[in-house]
Amino acid sequence: MKEKVVVKKIENVFRDLKEAIELLKGFEVDDNDFIVIKPNLCDFRPAWEGGTTDPKIVEAFIKIIREKANPKIAIVESNHAIGKC
């Protein structure tokens with residue numbers, strides 16, 4: 001299997017994310033599915049620095065999912081700042 005990546009300048013988050021997903025051949029979803037989204041939100045850096053996920057992307061992705069079906073969706077995250085190495 002050959003991996004695919006879409007690199008795109010974002011002007012409209014919803015439209016551009018939807019286009020990127022379509023370029024990757026989309027995805028199937030059903031009302032009975034349970035989707036877990038794990039964005040990278042727990043860091044002390046803004047999304048524009050690239051270390052965390054912009055919440056607008058998560059919102060757009062959920063809207064794209066909801067256009068196809070109405071599955072259960074959970075957003076999961078953990079706080080690495082309290083972890084010990």
# chains A, B, ... in the order shown; residues from 1 in each chain; ligands from 1
$ select_by_dssp --residues "chain A" --states "strand (DSSP E)" --output "list in words"
Phe34, Ile35, Val36, Ile37, Lys72, Ile73, Ala74 and Ile75 of chain A
$ residues_around --residues "Val13 in chain A" --least-positions-apart "4" --cutoff "8 Å" --atoms "only C-alpha atoms" --output "list in words"
Leu17, Lys56, Ile57 and Ala60 of chain A
$ write_last_selection --atoms "all heavy atoms" --output "PDB file, in the first residue's frame"
ATOM      1  N   LEU A  17     -10.599  21.092   3.978  1.00  0.00           N
ATOM      2  CA  LEU A  17     -10.482  19.766   4.591  1.00  0.00           C
ATOM      3  C   LEU A  17     -11.315  18.754   3.809  1.00  0.00           C
ATOM      4  O   LEU A  17     -10.856  17.641   3.536  1.00  0.00           O
ATOM      5  CB  LEU A  17     -10.921  19.794   6.059  1.00  0.00           C
ATOM      6  CG  LEU A  17     -10.879  18.453   6.790  1.00  0.00           C
ATOM      7  CD1 LEU A  17      -9.467  17.874   6.798  1.00  0.00           C
ATOM      8  CD2 LEU A  17     -11.410  18.604   8.208  1.00  0.00           C
ATOM      9  N   LYS A  56     -10.767  24.371  14.979  1.00  0.00           N
ATOM     10  CA  LYS A  56     -11.582  24.576  13.777  1.00  0.00           C
ATOM     11  C   LYS A  56     -11.497  23.364  12.852  1.00  0.00           C
ATOM     12  O   LYS A  56     -12.452  23.051  12.136  1.00  0.00           O
ATOM     13  CB  LYS A  56     -11.127  25.824  13.036  1.00  0.00           C
ATOM     14  CG  LYS A  56     -11.405  27.103  13.790  1.00  0.00           C
ATOM     15  CD  LYS A  56     -10.814  28.284  13.042  1.00  0.00           C
ATOM     16  CE  LYS A  56     -10.860  29.528  13.905  1.00  0.00           C
ATOM     17  NZ  LYS A  56     -10.089  30.613  13.321  1.00  0.00           N
ATOM     18  N   ILE A  57     -10.367  22.664  12.858  1.00  0.00           N
ATOM     19  CA  ILE A  57     -10.217  21.460  12.038  1.00  0.00           C
ATOM     20  C   ILE A  57     -11.075  20.337  12.596  1.00  0.00           C
ATOM     21  O   ILE A  57     -11.733  19.610  11.850  1.00  0.00           O
ATOM     22  CB  ILE A  57      -8.731  21.050  11.925  1.00  0.00           C
ATOM     23  CG1 ILE A  57      -7.965  22.128  11.161  1.00  0.00           C
ATOM     24  CG2 ILE A  57      -8.588  19.683  11.265  1.00  0.00           C
ATOM     25  CD1 ILE A  57      -6.475  21.943  11.129  1.00  0.00           C
ATOM     26  N   ALA A  60     -14.670  21.135  11.701  1.00  0.00           N
ATOM     27  CA  ALA A  60     -14.943  20.872  10.283  1.00  0.00           C
ATOM     28  C   ALA A  60     -15.042  19.373  10.020  1.00  0.00           C
ATOM     29  O   ALA A  60     -15.914  18.924   9.269  1.00  0.00           O
ATOM     30  CB  ALA A  60     -13.847  21.503   9.419  1.00  0.00           C
TER      31      ALA A  60
END
$ residues_around --residues "Glu77 in chain A" --least-positions-apart "5" --cutoff "12 Å" --atoms "only C-alpha atoms" --output "VMD selection string"
chain A and resid 36 to 43 52 to 53
$ closest_residue --among "A:Lys25, A:Arg15, A:Lys2, A:Lys9" --to "Ile64 in chain A" --atoms "only C-alpha atoms"
A:Arg15
$ atom_distance --atom1 "CA of Ile21 in chain A" --atom2 "CA of Ala69 in chain A"
15.9 Å
